[in-house]
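Undergrad: Here it is, the structure in full.
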2 protein chains.
Amino acid sequence: MNYIVKDENAIYYECAYSSDNALFLKLGSEAFFITDSRYTIEAKESVKDATVIIDSDLYGCANKLIKKSKVNRLDFDPKEWTLFNFEKLRENLKTTFVSKPDFSHKKRIVKSSEELLLLKKAVILGEKAFDDFSKLIKRHGFKTDEKMLTFMAKAMLSKKGKYELSFDPIVAVNANAAKPHALPTDTILYKKDLLLVDAGLKYKRYCSDRTRTVSTRKDFEFGYEQRFKNKKIQKAYDLVLKAHDNAIEKARSGMKANKIDALTRDIIEKGGMGEYYVHSTGHGVGLDIHEMPYISTKSDTIVEDGMVYTIEPGIYVPNEFGIRIEDMVVMQGGRAVVL
Amino acid sequence: MNYIVKDENAIYYECAYSSDNALFLKLGSEAFFITDSRYTIEAKESVKDATVIIDSDLYGCANKLIKKSKVNRLDFDPKEWTLFNFEKLRENLKTTFVSKPDFSHKKRIVKSSEELLLLKKAVILGEKAFDDFSKLIKRHGFKTDEKMLTFMAKAMLSKKGKYELSFDPIVAVNANAAKPHALPTDTILYKKDLLLVDAGLKYKRYCSDRTRTVSTRKDFEFGYEQRFKNKKIQKAYDLVLKAHDNAIEKARSGMKANKIDALTRDIIEKGGMGEYYVHSTGHGVGLDIHEMPYISTKSDTIVEDGMVYTIEPGIYVPNEFGIRIEDMVVMQGGRAVVL
């Protein structure tokens, strides 16, 4: 198969190295990694099973290689390419470019044992960061605003610069947690408030992802057991936790993703709060923080052993509160195992 | 003119608000801002001179609006669109889409007085952050690695979460500074080392950008006057500063950008170090950290009053050291004024 890859993580998957300005070309039995001179040393040391080419004009270089190879058909992912760069790539070529949306993500949907170890390590480091963050809040985090709390979360997740983050963490207090993708505000955290934290970090490029919603009593931890003073919140919390546990307990390899989605959704709907569950149950995690399989009402992907994804049901009551509980699971021996 | 805009900053420029999932459509006398339900409240409060439409399917929604409007021609920037999204946008439309690379950047090249005030504020905050960072290094930063120093720089720039950064700061010690886009390593900073810091922050979405290279004596500051113990470094430093000062002194409105580039390049070439000056003199700064005008050997853009750009000559001797001095200037009354 002949194909060209542009996305940084998709390239990394092909040849064990990548940079923010690179292309990967597979032409028959030959493979090429093209990047600019800023990355010469690292590329030559790290790229596996591909010829490293240094060229400031990535697209012109790939164009020449394709022309020289005389391949007739070349697969590409239309989500990776801007029209501008794609025109440069195929200038004056007679090759047929075959649109294959998500072809790298499809390849990567089942994780190898090496990948699972890296994901597990990322999850362990992420869990430790949540512990560190709870200790920091108990010492210095009350009467502090969400922006500062977000800064503190980043410090704990990155170990002050050692690790990269999977995404900008969400740190939301009370009603702000009702926005599934809340941005930090000037809202101050007090004791016994509701606090939602959604955060992860990367270990050797592999992502972790976790959400906890807690009542910030003076000895709180980012665990599953939480006691809220408000009864409506407690009821919603118990329902989300039940939905989360139900999916982890009952998900099986061979199920369609929409059936796994139903394992959380049915519980929340039966609890009378279905209208407040405004997103999907989860998404795959790997080199990208969002990848296949997508666990949604619309997805008929068959979930199989070796796939890694999140289970993250939530209830969001506008202007009141939001709750989400999220863990990453891997399908092993036919069942979901929490990473 | 009819046009569609997808880039977040380009949209902000059109209607004073944007989100990470939005489109802006100008169809004759009508304008539309389309985003998803996460941003309903903010969009309705902030969007100026456009109708706000909330739709989870941005492309389908835009497609219908274009169809209904019956416009024949619609401009777009091919750098903003992936093939995948563009196909969704124009599905079954008879409209001619006219490729206009950089059309938003071209509009934004001359800054308004309001924009200049925001840029000035960003620069002042950035300068303050450099001061704070030098104080922090003098107290806690020696015998610390680049990763931790980068973390400390981010803390000072963001005021612990209050401001967003223009880009991930570059904090590079000695030989690591020889890479113009150095990533932080485990290299430790000691007193009298060379330290290069390239960093900026955003004020109301407008970016600042500044580089200083210093000898970290015990009372160092991020100023222009620096004394290095190594004579070759001192010679290179003096040359870069001379090139920087020369361009600021002699740049004039009406000059081509490549002539301004020559104002730094000629000095470094005459000093015998031209081979180590491996990049352009500068780039425009505004809502984007890199925008027009580009001050390079290849650019024949005419520089005019109201344009804002960086002057940032450098000398990079591989495996030895790197030096760069960067300020933002605005063209006013025909001359370059440091912001």
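Residue numbering restarts at 1 for every chain of the structure tokens, chains are lettered A, B, ... in their displayed order, and ligands are numbered from 1 as they appear.
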With a cut-off of 6 Å, could you pull out the residues of chain A touching chain B and give me the nearest pair of atoms for each, distance in Å to one decimal, using only C-alpha atoms, ordered by chain and ascending number, as CSV?

TA:
residue,atom,partner,partner_atom,distance
A:Pro78,CA,B:Phe84,CA,4.9
A:Lys79,CA,B:Phe84,CA,5.1
A:Trp81,CA,B:Thr82,CA,5.2
A:Thr82,CA,B:Thr82,CA,4.0
A:Leu83,CA,B:Pro78,CA,5.1
A:Phe84,CA,B:Pro78,CA,4.9
A:Lys147,CA,B:Gly161,CA,5.0
A:Met148,CA,B:Gly161,CA,5.3
A:Phe151,CA,B:Gly161,CA,5.0
A:Lys160,CA,B:Phe151,CA,5.6
A:Gly161,CA,B:Lys147,CA,5.0

Undergrad: Need the shell around B:Ser280: protein/DNA/RNA residues with any atom at most 8 Å away, counting only C-alpha atoms. Skip same-chain ones fewer than 2 positions apart. Format as an MDAnalysis selection string?

TA: chainID B and resid 261 278 282 295:297 312:313

Undergrad: Let me see the file: selected residues, N, CA, C and O atoms, as a PDB file, in the first residue's frame.

TA:
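Produced file selection-v7.pdb, reproduced below:
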ATOM      1  N   ASP B 261      14.984  43.695   6.322  1.00  0.00           N
ATOM      2  CA  ASP B 261      15.757  42.489   6.658  1.00  0.00           C
ATOM      3  C   ASP B 261      17.255  42.742   6.460  1.00  0.00           C
ATOM      4  O   ASP B 261      18.080  42.361   7.298  1.00  0.00           O
ATOM      5  N   VAL B 278      20.555  32.263  10.767  1.00  0.00           N
ATOM      6  CA  VAL B 278      19.867  31.261   9.952  1.00  0.00           C
ATOM      7  C   VAL B 278      18.362  31.495   9.776  1.00  0.00           C
ATOM      8  O   VAL B 278      17.657  30.612   9.309  1.00  0.00           O
ATOM      9  N   GLY B 282      12.276  39.145  11.154  1.00  0.00           N
ATOM     10  CA  GLY B 282      11.107  39.255  12.027  1.00  0.00           C
ATOM     11  C   GLY B 282       9.805  38.900  11.347  1.00  0.00           C
ATOM     12  O   GLY B 282       9.785  38.464  10.197  1.00  0.00           O
ATOM     13  N   ILE B 295       9.367  39.908   7.694  1.00  0.00           N
ATOM     14  CA  ILE B 295      10.558  40.706   7.382  1.00  0.00           C
ATOM     15  C   ILE B 295      11.668  39.724   7.004  1.00  0.00           C
ATOM     16  O   ILE B 295      12.450  39.278   7.854  1.00  0.00           O
ATOM     17  N   SER B 296      11.710  39.346   5.742  1.00  0.00           N
ATOM     18  CA  SER B 296      12.648  38.319   5.300  1.00  0.00           C
ATOM     19  C   SER B 296      13.310  38.741   3.995  1.00  0.00           C
ATOM     20  O   SER B 296      12.878  39.704   3.351  1.00  0.00           O
ATOM     21  N   THR B 297      14.330  38.018   3.585  1.00  0.00           N
ATOM     22  CA  THR B 297      15.045  38.328   2.336  1.00  0.00           C
ATOM     23  C   THR B 297      14.104  38.212   1.132  1.00  0.00           C
ATOM     24  O   THR B 297      14.349  38.820   0.105  1.00  0.00           O
ATOM     25  N   GLU B 312      14.376  40.747  15.227  1.00  0.00           N
ATOM     26  CA  GLU B 312      14.989  39.715  16.069  1.00  0.00           C
ATOM     27  C   GLU B 312      16.162  39.009  15.393  1.00  0.00           C
ATOM     28  O   GLU B 312      16.102  37.797  15.133  1.00  0.00           O
ATOM     29  N   PRO B 313      17.238  39.757  15.134  1.00  0.00           N
ATOM     30  CA  PRO B 313      18.412  39.093  14.577  1.00  0.00           C
ATOM     31  C   PRO B 313      19.012  38.095  15.570  1.00  0.00           C
ATOM     32  O   PRO B 313      18.770  38.197  16.782  1.00  0.00           O
TER      33      PRO B 313
END

Undergrad: Would you list the contacts of B:Ile325 as a VMD selection string, taking every protein, DNA or RNA residue within 10 Å and counting only C-alpha atoms, but skipping same-chain residues closer than 4 positions in sequence?

TA: chain B and resid 196 to 198 210 to 214 223 to 224 237 240 to 241 243 to 245 310 to 315

Undergrad: If you run DSSP over the backbone, which residues in stretch 99-338 of chain B end up strand (DSSP E or B)? Put them as a count of residues only.

TA: 61

Undergrad: In Å, with one decimal, what is the gap from atom CA of B:Met255 to atom CA of B:Lys270?

TA: 21.7 Å

Undergrad: At a cut-off of 10 Å, using only C-alpha atoms, what residues contact A:Tyr309? Leave out same-chain residues fewer than 5 positions from it and give the result as number ranges by chain.

TA: A: 109, 209, 281-286, 289-295, 303, 327-331, 336, 338-339

Undergrad: Could you jot down the atom CA of B:Leu23 to atom CA of B:Asn92 separation for me, Å, one decimal place?

TA: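 So the two atoms, atom CA of B:Leu23 and atom CA of B:Asn92, lie 19.0 Å apart.
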
Undergrad: Applying 9 Å and only C-alpha atoms, which residues near B:Arg335 remain after dropping the ones on its own chain fewer than 4 positions away? List them as a list in words.

TA: Ile248, Glu249, Lys250, Ala251, Arg252, Ser253, Asp305, Val330 and Met331 of chain B
